Structures are given as C-alpha cells and as structure tokens.
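Reproduced below: target_37.txt, with compact mmCIF, C-alpha atoms.
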# COMPACT_ATOMS: atom_id res chain seq x y z
CA MET U 1 -26.98 59.23 2.57
CA SER U 2 -23.30 58.52 1.92
CA GLY U 3 -21.87 56.97 -1.22
CA GLY U 4 -22.75 53.52 -2.41
CA MET U 5 -20.92 50.29 -3.14
CA PHE U 6 -21.08 47.93 -6.09
CA LEU U 7 -22.01 44.27 -6.42
CA MET U 8 -20.36 42.34 -9.25
CA ARG U 9 -22.59 39.73 -10.84
CA ASP U 10 -21.58 36.83 -13.06
CA GLY U 11 -20.42 38.20 -16.39
CA GLY U 12 -18.85 41.31 -14.85
CA GLU U 13 -22.05 43.39 -14.54
CA LEU U 14 -21.87 45.95 -11.72
CA VAL U 15 -24.97 46.67 -9.65
CA GLU U 16 -24.88 49.88 -7.63
CA MET U 17 -25.91 49.44 -4.01
CA ARG U 18 -27.10 52.50 -2.11
CA GLU U 19 -27.00 52.89 1.65
CA SER U 20 -30.34 52.28 3.33
CA PRO U 21 -31.28 53.25 6.91
CA TYR U 22 -32.47 50.66 9.41
CA ASP U 23 -36.18 50.52 10.03
CA SER U 24 -35.59 50.47 13.78
CA GLU U 25 -32.86 50.19 16.38
CA ASP U 26 -34.33 46.86 17.46
CA GLN U 27 -33.68 45.40 14.02
CA LEU U 28 -29.95 46.05 14.32
CA GLN U 29 -29.93 44.74 17.89
CA LYS U 30 -31.52 41.46 16.80
CA TRP U 31 -28.97 40.98 14.04
CA LEU U 32 -26.10 41.55 16.46
CA ALA U 33 -27.51 38.93 18.84
CA SER U 34 -27.98 36.32 16.10
CA HIS U 35 -24.83 37.20 14.10
CA PRO U 36 -22.12 38.43 16.52
CA ASN U 37 -19.55 38.49 13.72
CA LEU U 38 -21.13 41.78 12.70
CA LEU U 39 -18.90 43.17 15.46
CA ALA U 40 -15.96 42.59 13.09
CA GLY U 41 -13.68 40.71 15.45
CA ASP U 42 -11.02 40.45 12.75
CA GLN U 43 -10.86 44.25 12.60
CA VAL U 44 -10.91 44.68 16.37
CA ASP U 45 -7.80 42.50 16.56
CA PRO U 46 -6.33 41.38 13.19
CA GLU U 47 -3.59 39.27 14.82
CA PHE U 48 -5.91 37.47 17.23
CA PRO U 49 -9.42 37.87 15.74
CA ARG U 50 -12.05 38.24 18.42
CA ARG U 51 -14.87 35.72 18.71
CA TRP U 52 -18.03 36.60 20.61
CA LEU U 53 -20.17 34.72 23.09
CA LEU U 54 -23.52 36.40 23.73
CA VAL U 55 -24.26 36.59 27.44
CA ARG U 56 -27.55 38.44 27.22
CA ARG U 57 -29.56 41.07 25.39
CA GLU U 58 -30.97 43.85 27.56
CA ALA U 59 -28.66 43.07 30.47
CA GLY U 60 -29.78 44.84 33.64
CA VAL U 61 -27.14 46.97 35.37
CA PRO U 62 -27.71 47.86 39.06
CA GLY U 63 -26.78 51.23 40.53
CA GLU U 64 -26.18 50.03 44.09
CA GLU U 65 -25.27 46.96 46.11
CA ASP U 66 -28.08 44.35 45.98
CA GLY U 67 -30.19 46.83 44.04
CA GLY U 68 -32.46 46.15 41.12
CA SER U 69 -31.58 46.97 37.53
CA ARG U 70 -31.25 50.71 37.11
CA TRP U 71 -30.13 50.61 33.49
CA SER U 72 -30.43 48.16 30.60
CA LEU U 73 -27.36 47.47 28.45
CA ASP U 74 -28.24 46.54 24.87
CA HIS U 75 -25.87 43.54 24.71
CA LEU U 76 -23.26 41.89 26.88
CA PHE U 77 -20.72 39.63 25.16
CA LEU U 78 -17.57 37.83 26.28
CA ASP U 79 -14.73 37.23 23.84
CA GLN U 80 -12.52 34.12 23.84
CA ASP U 81 -10.25 35.72 26.44
CA ALA U 82 -13.29 36.28 28.70
CA ILE U 83 -13.12 40.05 28.29
CA PRO U 84 -16.58 41.52 29.01
CA THR U 85 -17.72 43.49 25.98
CA LEU U 86 -20.51 46.01 26.56
CA ILE U 87 -22.52 47.02 23.50
CA GLU U 88 -24.75 50.06 23.13
CA VAL U 89 -26.66 50.46 19.87
CA LYS U 90 -27.96 53.71 18.38
CA ARG U 91 -29.13 54.79 14.96
CA ARG U 92 -27.58 57.91 13.44
CA ALA U 93 -31.04 59.47 13.46
CA ASP U 94 -30.98 59.37 17.28
CA THR U 95 -29.56 62.68 18.53
CA ARG U 96 -28.32 60.96 21.71
CA ILE U 97 -25.59 59.26 19.68
CA ARG U 98 -23.41 62.38 19.79
CA ARG U 99 -23.14 63.03 23.53
CA GLU U 100 -25.58 61.28 25.81
CA VAL U 101 -24.57 57.78 24.71
CA VAL U 102 -21.02 58.32 26.03
CA GLY U 103 -22.16 59.15 29.56
CA GLN U 104 -24.66 56.32 29.35
CA MET U 105 -21.95 53.79 28.47
CA LEU U 106 -19.60 55.02 31.18
CA ASP U 107 -22.40 54.64 33.73
CA TYR U 108 -22.92 51.06 32.60
CA ALA U 109 -19.22 50.19 32.74
CA ALA U 110 -18.52 51.83 36.10
CA ASN U 111 -21.42 50.13 37.83
CA ALA U 112 -21.01 46.78 36.06
CA MET U 113 -17.45 46.42 37.37
CA VAL U 114 -18.68 47.08 40.92
CA TYR U 115 -22.08 45.38 41.01
CA TRP U 116 -21.73 42.59 38.44
CA PRO U 117 -19.87 39.70 40.07
CA VAL U 118 -18.93 36.97 37.63
CA GLN U 119 -21.64 34.77 39.16
CA THR U 120 -24.21 37.27 37.92
CA ILE U 121 -22.78 37.26 34.40
CA ARG U 122 -22.71 33.47 34.36
CA ALA U 123 -26.31 33.32 35.57
CA MET U 124 -27.37 35.73 32.80
CA PHE U 125 -25.64 33.55 30.21
CA GLU U 126 -27.25 30.35 31.49
CA ALA U 127 -30.70 31.98 31.69
CA ARG U 128 -30.37 33.20 28.10
CA CYS U 129 -29.40 29.71 26.89
CA ILE U 130 -32.27 28.03 28.76
CA LYS U 131 -34.74 30.55 27.35
CA GLU U 132 -33.52 29.67 23.85
CA SER U 133 -33.65 25.90 24.61
CA ILE U 134 -29.86 25.60 24.49
CA ASP U 135 -27.73 23.62 26.90
CA PRO U 136 -25.40 26.26 28.49
CA ALA U 137 -22.56 23.76 28.96
CA VAL U 138 -22.71 22.63 25.34
CA CYS U 139 -22.91 26.23 24.10
CA LEU U 140 -19.86 27.27 26.10
CA ALA U 141 -17.86 24.16 25.18
CA SER U 142 -18.57 24.78 21.50
CA PHE U 143 -17.34 28.36 21.87
CA LEU U 144 -14.18 27.45 23.78
CA GLY U 145 -13.20 24.35 21.84
CA GLU U 146 -10.22 22.60 23.43
CA SER U 147 -8.54 25.79 24.57
CA GLU U 148 -9.77 25.66 28.19
CA ASP U 149 -12.56 24.41 30.39
CA ALA U 150 -15.55 26.38 31.66
CA SER U 151 -14.21 26.96 35.17
CA GLN U 152 -11.01 28.50 33.79
CA PHE U 153 -13.04 30.72 31.49
CA TRP U 154 -15.27 32.08 34.25
CA THR U 155 -12.28 32.60 36.53
CA LYS U 156 -10.63 34.61 33.78
CA ALA U 157 -13.81 36.68 33.34
CA ASP U 158 -13.77 37.46 37.06
CA THR U 159 -10.10 38.48 36.88
CA ASN U 160 -10.78 40.75 33.91
CA LEU U 161 -13.66 42.47 35.68
CA GLN U 162 -11.63 43.09 38.82
CA ALA U 163 -8.74 44.48 36.77
CA GLY U 164 -11.00 46.72 34.69
CA ARG U 165 -10.24 44.85 31.47
CA VAL U 166 -13.47 45.50 29.62
CA ARG U 167 -14.39 46.57 26.11
CA LEU U 168 -16.92 49.33 25.44
CA VAL U 169 -18.38 49.29 21.93
CA PHE U 170 -20.70 51.85 20.38
CA VAL U 171 -22.60 50.35 17.44
CA ALA U 172 -24.49 52.42 14.87
CA ASP U 173 -25.25 52.56 11.18
CA GLU U 174 -22.92 55.57 11.17
CA ILE U 175 -20.57 56.82 13.89
CA PRO U 176 -20.64 60.66 13.92
CA ARG U 177 -17.28 62.45 13.80
CA GLU U 178 -17.89 63.91 17.27
CA LEU U 179 -18.39 60.45 18.77
CA GLN U 180 -15.35 59.05 16.96
CA ARG U 181 -13.14 61.76 18.50
CA VAL U 182 -14.45 60.91 21.98
CA ILE U 183 -13.83 57.18 21.36
CA GLU U 184 -10.24 57.85 20.28
CA PHE U 185 -9.65 60.07 23.31
CA LEU U 186 -11.03 57.51 25.77
CA ASN U 187 -9.18 54.66 24.09
CA ASN U 188 -5.88 56.51 24.46
CA GLN U 189 -6.50 57.60 28.05
CA MET U 190 -7.82 54.36 29.54
CA GLN U 191 -5.10 51.98 30.65
CA HIS U 192 -6.96 48.66 30.51
CA ALA U 193 -10.40 49.26 28.99
CA GLU U 194 -10.77 49.29 25.22
CA VAL U 195 -13.24 51.72 23.61
CA LEU U 196 -14.38 51.22 20.01
CA GLY U 197 -17.04 52.17 17.53
CA VAL U 198 -18.50 49.77 14.98
CA GLU U 199 -20.43 51.03 11.99
CA VAL U 200 -22.81 48.42 10.60
CA ARG U 201 -24.03 49.88 7.33
CA ARG U 202 -26.80 48.39 5.25
CA PHE U 203 -26.91 48.64 1.44
CA GLU U 204 -29.70 47.77 -1.00
CA GLY U 205 -29.81 47.31 -4.74
CA PRO U 206 -32.08 49.14 -7.19
CA PRO U 207 -35.85 49.11 -6.50
CA GLY U 208 -37.40 45.80 -7.43
CA THR U 209 -34.26 43.77 -6.73
CA GLU U 210 -33.55 41.63 -3.69
CA PHE U 211 -29.89 42.57 -3.35
CA ARG U 212 -28.94 43.35 0.27
CA THR U 213 -25.60 43.54 2.04
CA ILE U 214 -24.33 44.52 5.49
CA VAL U 215 -20.84 46.03 5.90
CA PRO U 216 -19.27 46.36 9.39
CA ARG U 217 -16.32 48.68 10.01
CA VAL U 218 -14.41 49.41 13.22
CA VAL U 219 -13.58 53.04 13.95
CA GLY U 220 -11.79 54.82 16.79
CA GLN U 221 -8.68 52.66 17.08
CA THR U 222 -5.32 54.42 17.36
CA ALA U 223 -1.87 52.96 16.88
CA GLU U 224 -0.77 53.84 20.41
CA ALA U 225 -3.84 52.31 22.04
CA GLU U 226 -3.47 49.13 19.97
CA ARG U 227 0.20 48.84 20.97
CA ARG U 228 -0.56 49.18 24.69
CA LYS U 229 -3.54 46.83 24.58
CA ARG U 230 -2.25 44.17 22.18
CA PRO U 231 -2.62 40.52 23.27
CA GLY U 232 0.94 40.19 24.51
CA VAL U 233 0.45 43.10 26.91
CA VAL U 234 -3.08 42.78 28.19
CA ARG U 235 -4.90 39.68 27.04
CA ASN U 236 -2.35 36.99 27.70
CA PRO U 237 -0.66 37.83 31.02
CA GLU U 238 -0.19 34.12 31.84
CA THR U 239 1.66 32.76 28.80
CA VAL U 240 3.70 29.75 29.87
CA SER U 241 7.47 29.90 29.39
CA ALA U 242 9.28 27.20 27.43
CA ASP U 243 11.08 26.00 30.57
CA ASP U 244 7.85 25.76 32.58
CA LEU U 245 6.06 23.91 29.79
CA LEU U 246 8.93 21.43 29.51
CA LYS U 247 8.73 20.83 33.27
CA LEU U 248 5.00 20.11 32.94
CA LEU U 249 5.70 17.64 30.12
CA GLU U 250 8.41 15.94 32.16
CA ASN U 251 6.07 15.63 35.14
CA ALA U 252 3.46 14.06 32.86
CA GLY U 253 5.62 11.68 30.85
CA GLY U 254 9.15 11.71 32.20
CA PRO U 255 12.39 12.61 30.38
CA ALA U 256 11.20 11.00 27.14
CA GLN U 257 8.26 13.36 26.82
CA ARG U 258 10.40 16.35 27.77
CA ALA U 259 12.83 15.39 25.00
CA LEU U 260 9.97 15.37 22.47
CA GLY U 261 8.90 18.81 23.65
CA GLU U 262 12.46 20.12 23.36
CA ARG U 263 12.64 18.81 19.79
CA VAL U 264 9.42 20.62 18.85
CA LEU U 265 10.74 23.89 20.29
CA GLN U 266 14.05 23.43 18.47
CA TRP U 267 12.21 22.74 15.22
CA ALA U 268 10.02 25.83 15.62
CA ASP U 269 13.06 28.05 16.19
CA HIS U 270 14.76 26.59 13.11
CA ARG U 271 11.63 27.31 11.05
CA ARG U 272 11.60 30.87 12.47
CA LEU U 273 8.05 30.53 13.72
CA GLU U 274 6.62 33.22 15.95
CA ARG U 275 5.41 32.21 19.40
CA GLY U 276 2.26 32.96 21.35
CA GLY U 277 0.41 31.03 23.98
CA THR U 278 -1.65 30.54 27.10
CA ALA U 279 -0.93 29.31 30.60
CA VAL U 280 -0.51 25.72 29.35
CA GLN U 281 0.37 26.02 25.67
CA ILE U 282 2.91 27.52 23.29
CA MET U 283 1.50 28.20 19.83
CA PHE U 284 3.67 28.47 16.73
CA ARG U 285 2.69 30.95 14.05
CA ALA U 286 3.65 31.44 10.40
CA ARG U 287 2.80 34.30 8.05
CA ASP U 288 1.40 33.88 4.56
CA ALA U 289 2.60 35.79 1.49
CA ALA U 290 0.39 38.75 2.45
CA GLY U 291 1.82 38.92 5.98
CA GLU U 292 -1.27 37.48 7.67
CA ILE U 293 -0.56 35.39 10.77
CA CYS U 294 -1.63 31.75 10.94
CA ARG U 295 -1.25 29.66 14.07
CA VAL U 296 -0.29 26.27 12.69
CA LEU U 297 0.66 24.10 15.65
CA GLY U 298 0.49 24.09 19.44
CA LEU U 299 2.58 22.30 22.07
CA ARG U 300 0.24 21.84 25.00
CA TYR U 301 -0.02 20.33 28.48
CA GLU U 302 -3.53 18.86 28.49
CA GLN U 303 -5.12 18.11 31.84
CA LYS U 304 -8.84 18.52 31.17
CA ASP U 305 -9.70 15.65 28.81
CA LEU U 306 -6.67 13.38 29.22
CA LYS U 307 -6.33 11.43 32.46
CA PRO U 308 -3.59 11.39 33.56
CA ALA U 309 -2.45 14.70 32.08
CA GLN U 310 -0.28 14.46 28.96
CA GLY U 311 1.57 16.56 26.48
CA ILE U 312 -0.03 16.92 23.07
CA LEU U 313 0.60 18.53 19.69
CA THR U 314 -2.49 20.33 18.45
CA LEU U 315 -3.11 21.16 14.80
CA ARG U 316 -4.72 24.60 14.48
CA LYS U 317 -7.65 23.64 12.28
CA ASP U 318 -9.44 26.95 12.89
CA MET U 319 -6.55 28.99 11.48
CA LEU U 320 -5.28 26.64 8.78
CA GLN U 321 -8.68 26.32 7.13
CA ARG U 322 -8.82 30.10 6.77
CA THR U 323 -5.70 30.10 4.58
CA GLN U 324 -5.64 29.75 0.83
CA ALA U 325 -3.29 26.79 1.24
CA PHE U 326 -5.74 24.66 3.22
CA GLY U 327 -9.07 26.41 2.74
CA SER U 328 -10.55 23.68 0.58
CA GLU U 329 -11.79 20.41 2.08
CA ASP U 330 -9.57 18.36 -0.25
CA ARG U 331 -6.42 20.21 0.81
CA TRP U 332 -7.33 19.89 4.49
CA LYS U 333 -7.93 16.14 4.12
CA ASP U 334 -4.59 15.82 2.33
CA LEU U 335 -2.81 17.39 5.32
CA LEU U 336 -4.59 15.06 7.75
CA LYS U 337 -3.71 12.03 5.62
CA ARG U 338 -0.03 12.99 5.56
CA LEU U 339 -0.01 13.39 9.34
CA GLY U 340 -1.87 10.13 9.79
CA ASP U 341 0.66 8.31 7.61
CA ALA U 342 3.52 9.88 9.58
CA THR U 343 2.19 8.47 12.85
CA GLY U 344 1.18 5.05 11.59
CA GLY U 345 -2.45 5.94 10.92
CA HIS U 346 -3.86 5.50 14.40
CA VAL U 347 -2.33 8.17 16.67
CA LEU U 348 -3.73 11.36 15.11
CA ARG U 349 -7.07 12.16 16.77
CA THR U 350 -9.51 14.16 14.65
CA ASP U 351 -12.69 13.81 16.69
CA GLY U 352 -12.29 17.05 18.66
CA TRP U 353 -12.24 20.76 17.92
CA PHE U 354 -8.50 20.59 17.10
CA PRO U 355 -6.83 17.43 15.75
CA TYR U 356 -4.08 16.35 18.13
CA ILE U 357 -1.32 13.82 18.74
CA ARG U 358 -0.46 12.56 22.23
CA LEU U 359 3.25 12.72 22.91
CA ASP U 360 3.12 9.53 24.97
CA GLN U 361 1.92 7.61 21.90
CA ILE U 362 4.62 8.51 19.39
CA THR U 363 8.29 7.70 19.03
CA PRO U 364 11.05 10.21 18.26
CA GLU U 365 11.13 8.86 14.71
CA GLN U 366 7.39 9.44 14.27
CA LEU U 367 7.75 12.96 15.64
CA GLU U 368 10.40 13.68 13.00
CA ALA U 369 8.00 12.45 10.34
CA VAL U 370 5.24 14.71 11.74
CA LEU U 371 7.58 17.72 11.70
CA MET U 372 8.51 16.98 8.09
CA VAL U 373 4.82 17.12 7.18
CA MET U 374 4.53 20.41 9.06
CA ASP U 375 7.56 21.72 7.16
CA TRP U 376 5.58 21.15 3.98
CA ALA U 377 2.41 22.69 5.45
CA ILE U 378 4.24 25.83 6.58
CA GLU U 379 5.81 26.32 3.18
CA GLU U 380 2.37 25.99 1.63
CA VAL U 381 1.01 28.66 3.98
CA ARG U 382 3.95 30.98 3.35
CA SER U 383 3.79 30.66 -0.43
CA HIS U 384 0.06 31.42 -0.79
Rewritten as structure tokens:
Amino acid sequence: MSGGMFLMRDGGELVEMRESPYDSEDQLQKWLASHPNLLAGDQVDPEFPRRWLLVRREAGVPGEEDGGSRWSLDHLFLDQDAIPTLIEVKRRADTRIRREVVGQMLDYAANAMVYWPVQTIRAMFEARCIKESIDPAVCLASFLGESEDASQFWTKADTNLQAGRVRLVFVADEIPRELQRVIEFLNNQMQHAEVLGVEVRRFEGPPGTEFRTIVPRVVGQTAEAERRKRPGVVRNPETVSADDLLKLLENAGGPAQRALGERVLQWADHRRLERGGTAVQIMFRARDAAGEICRVLGLRYEQKDLKPAQGILTLRKDMLQRTQAFGSEDRWKDLLKRLGDATGGHVLRTDGWFPYIRLDQITPEQLEAVLMVMDWAIEEVRSH
C-alpha cells in the first residue's frame, strides 16, 4: 500500500485515510460507467476540460469485415469534440497490467478504426440508452447543450475515426512505472491519437468509520505531446474566422447585424480577451487571478433552433458558474438581472443550456449596455 491522505473534519480534526484495494475490477468499471468524471477530464485537458458521453460498456470489437465481436472493450466514450475514447480497466494485482494490456489496447484501437463505422458506434449508444430506459435523443441533447446538433456530432465522430483521432486510456487503481513509460512513449510517437493513464485510487478511514474517498489522477502526459495535441491543433480544425462569421451574420440580418458583430469583436480586443471557437462561433475567454481560463461570452451564428438563422450572443453559464465570482446562485442571478435590465427585460433568453440574446432583437445602444455589464463581469472573474 502507498501512503495515505487526510480528511479534515469540522473543528480541524484530521482523519488519516489509508489506500484500500478494489474488491473487483467490475466494481471500478461500474463506477466509471455511472460517474464518467472519474476520468478526470479537467486533468486530461485543463484549458478545455473533457466531458464524457458513455457509448457502451463491454463494446464488442470485430477482427474482420462483417465479423462478430472478437474482443470486448471495457468502455467506449465520446468527449464533447466527438473523439472516441477507448477505456481498458485493470487492477494493479493483475499481472497483465504491465505488458499484455498495451498490446490488447492497440488491437482494439487498430481494429475499431477499420471495422467500427460511426453508424455502429451510434447504434451502440442508442441500444445502451434504450436498455437503461433513456431517450437517446434527449441524452445526447443534454450532453451537447446548444453547441451543436446530433447530426453534426456524429459527423465529427466519423471524421475523427477516419483521421485516427482517438484517445486510449488505461485505468487502474495504480499505474505501474513500466506502463507509464510505455504510455509516455506512445503519446509522444503517435501523431493524432492520445494515450493516457488514469489512476483511480480508493481511500478508507479507520476501521469502524464510514469515511470513503476516490481520487483520480492522470499520468503519462508529456509537455511535447500536449503541445502537439492541444485543442487549437487537433480538436478544433474548423474554427470560424472573424471575417467568415461576420459574413454569416450579414447574410442572416443584413449590415445592421454585421455591425453589431463587429462591435462585439472590437470590444473583445479592447478587453484583451483570448479567442477560441467552433465552425460557427467565436468564444471570448478571460483568466481569473490564478490564471485559470473562463469562457465568458460567445458570438454565434445559430441555425439549428432559430428559423431563419440569426446571430446570437451566448453567455457561458457552464464556465462562469465554476468561477468564484459567479459560483453562488445569488451572484449568478445578479448577473442575469443586470443583463436583463440592459436589454429591457425581455430579450435575454434563459430557458436553454446557455442564456442568449438574439442580435436581431437589440439596438446598438442596448448592445453597449450589455457590453458594460460584461465589462463588470470580466473584472469580477479576473479579480477572484
């Protein structure tokens, strides 16, 4: 057993927690399926934390065209960029974790990219949802939010498979040093695929107590591999340019809407906000006092839910509510009230995944008022 950790109780009392082995490999597999955040998406990619959509447990992998399942992958996930993520779970007590598991995973990946068309992956996802009495469309929409529709997501998954953009993850209660070296080597050598290890350690309190905790940790990343495979290089090859986005806005709402978009871009440059994006959106990002990135606002061409298509400003609720500045419900409601007041109280829509404002429903004066509120919000983020 390795060293322990300590739980601080009210009053400052420290309770020593000692590492405890899993009763079975299946136990860890079940927890991963029900709590995908154990895969530590914020450690896999701190700038763009990964979120996980479970496709299937025990996903069959064929070894030939139109063949039956030759192997069984422990878990198949997709992240929010539709990157297939293959998971193989082993306990440290299993001697196969040092060598055999590497060949096993490479077999899975090589054959999955050849014999798993995206239609197969989608069918596995839908079958898993139906088995669990979940509507697949609702499940996927909840995962995606307003970022894109289902057809775009599955198209992106197909593109990733064909390009070899996959993620191979070895999960264990402890990653042996030998396996970590192999992970680092593969991660540096592979151009598109990402190879990682995730330790999911379990700790228990003294006998007779009910204290339990699970601590995930990503191992095997290297600075060079992270640089080559960062979102700007691999995950977002279709980020829209400012000029192209302005053309989309002009097509949707004429010169007036283009002018609003130009003002938002000008404002973001003046505030020295970093940019990211997708094929239809530019996102503006600020950093808090600790240097953590927060996407605060998006300028987007929306064609899925708005007919006809329109330009919108989206408030990044998911990121803002993770900050100290707007983590409390009262602070979040205060921000929404200020934005509502800036637009006359009826333009800000808060019924979706991300609150948004349609550009065709605000005047230039109202936009200036919105940007003044966002000036305040950004300063709050930066000062906390």
Between CA of Thr323 (chain U) and CA of Val381 (chain U), what distance in Å does the model show, to one decimal? 6.9 Å
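Minimum distance to Val198 (chain U) across U:Lys333, U:His384, U:Arg263, U:Lys90 (counting all atoms listed in the file) occurs at U:Lys90.
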Spatial neighbours of Gln80 (chain U), 8 Å, all atoms listed in the file, chain gap at least 2 places, as a VMD selection string: chain U and resid 50 to 53 78 82 to 83 143 to 144
Just to confirm, what's the straight-line distance from CA of Leu245 (chain U) to CA of Val370 (chain U) in Å (one decimal)?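 Here the two named atoms are 20.3 Å from each other.
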Nearby residues (all atoms listed in the file) at most 9 Å from region 152-168 of chain U, same-chain spacing under 6 positions excluded, as an MDAnalysis selection string: chainID U and resid 78 80:88 105:106 109 112:114 116:119 122 144 191:197 234:235
Just want the 12 Å neighbourhood of Ser72 (chain U), counted on only C-alpha atoms, with same-chain residues fewer than 3 positions away dropped. Output as a ChimeraX atom specification. /U:56-63,68-69,75-76,86-89,104-105,107-109,111-112
Need the shell around region 337-347 of chain U: protein/DNA/RNA residues with any atom at most 12 Å away, counting all atoms listed in the file. Skip same-chain ones fewer than 4 positions apart. Format as a short mmCIF file (atom, residue, chain, number, x, y, z; two decimals) with C-alpha atoms, in the coordinates of the input?
data_model
loop_
_atom_site.label_atom_id
_atom_site.label_comp_id
_atom_site.auth_asym_id
_atom_site.auth_seq_id
_atom_site.Cartn_x
_atom_site.Cartn_y
_atom_site.Cartn_z
CA ILE U 312 -0.03 16.92 23.07
CA LEU U 313 0.60 18.53 19.69
CA THR U 314 -2.49 20.33 18.45
CA LEU U 315 -3.11 21.16 14.80
CA ASP U 330 -9.57 18.36 -0.25
CA ARG U 331 -6.42 20.21 0.81
CA TRP U 332 -7.33 19.89 4.49
CA LYS U 333 -7.93 16.14 4.12
CA ASP U 351 -12.69 13.81 16.69
CA PRO U 355 -6.83 17.43 15.75
CA TYR U 356 -4.08 16.35 18.13
CA ILE U 357 -1.32 13.82 18.74
CA ARG U 358 -0.46 12.56 22.23
CA LEU U 359 3.25 12.72 22.91
CA ASP U 360 3.12 9.53 24.97
CA GLN U 361 1.92 7.61 21.90
CA ILE U 362 4.62 8.51 19.39
CA THR U 363 8.29 7.70 19.03
CA PRO U 364 11.05 10.21 18.26
CA GLU U 365 11.13 8.86 14.71
CA GLN U 366 7.39 9.44 14.27
CA LEU U 367 7.75 12.96 15.64
CA GLU U 368 10.40 13.68 13.00
CA ALA U 369 8.00 12.45 10.34
CA VAL U 370 5.24 14.71 11.74
CA LEU U 371 7.58 17.72 11.70
CA MET U 372 8.51 16.98 8.09
CA VAL U 373 4.82 17.12 7.18
CA MET U 374 4.53 20.41 9.06
CA ASP U 375 7.56 21.72 7.16
CA TRP U 376 5.58 21.15 3.98
CA ALA U 377 2.41 22.69 5.45
#
Can you tell me how far CA of Ala123 (chain U) sits from CA of Leu73 (chain U), in Å to one decimal?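 Interatomic distance, CA of Ala123 (chain U) to CA of Leu73 (chain U): 15.9 Å.
Contact shell of Gln281 (chain U) at 10 Å (all atoms listed in the file; same-chain neighbours under 2 positions omitted): Ser147, Thr239, Val240, Ser241, Ala242, Leu245, Gly276, Gly277, Thr278, Ala279, Met283, Phe284, Gly298, Leu299, Arg300, Tyr301, Glu302, Gly311, Ile312, Leu313 and Thr314 of chain U.
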Of the candidates U:Phe77, U:Phe6, U:Phe354, U:Tyr115, which one gets nearest to Pro36 (chain U) if we count only C-alpha atoms? U:Phe77
Which of U:Glu274, U:Asp42, U:Asp23, U:Asp334 sits closest to Arg217 (chain U) [using all atoms listed in the file]: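 Among the listed residues, U:Asp42 lies closest to Arg217 (chain U).
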Show me, as AutoDock Vina command-line options, the centre and edge lengths in Å to one decimal of the axis-aligned box that covers every listed atom of region 285-302 of chain U with 4 Å on each side.
--center_x 0.1 --center_y 28.9 --center_z 15.0 --size_x 15.2 --size_y 28.1 --size_z 35.0
Looking at U:Glu47, U:Leu335, U:Leu28, U:Pro207, which one is nearest to Arg295 (chain U), with distances taken over all atoms listed in the file?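 When distances to Arg295 (chain U) are compared using all atoms listed in the file, the smallest one comes from U:Glu47.
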Which residue is closest to Val182 (chain U)? Choose from U:Asn251, U:Asp149, U:Asp243, U:Val102 and count only C-alpha atoms.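 With only C-alpha atoms as the atom set, the closest residue is U:Val102.
Each of U:Val171, U:Arg128, U:Phe211, U:Arg382 was checked against Leu32 (chain U) using all atoms listed in the file; the smallest atom-to-atom distance is that of U:Val171.
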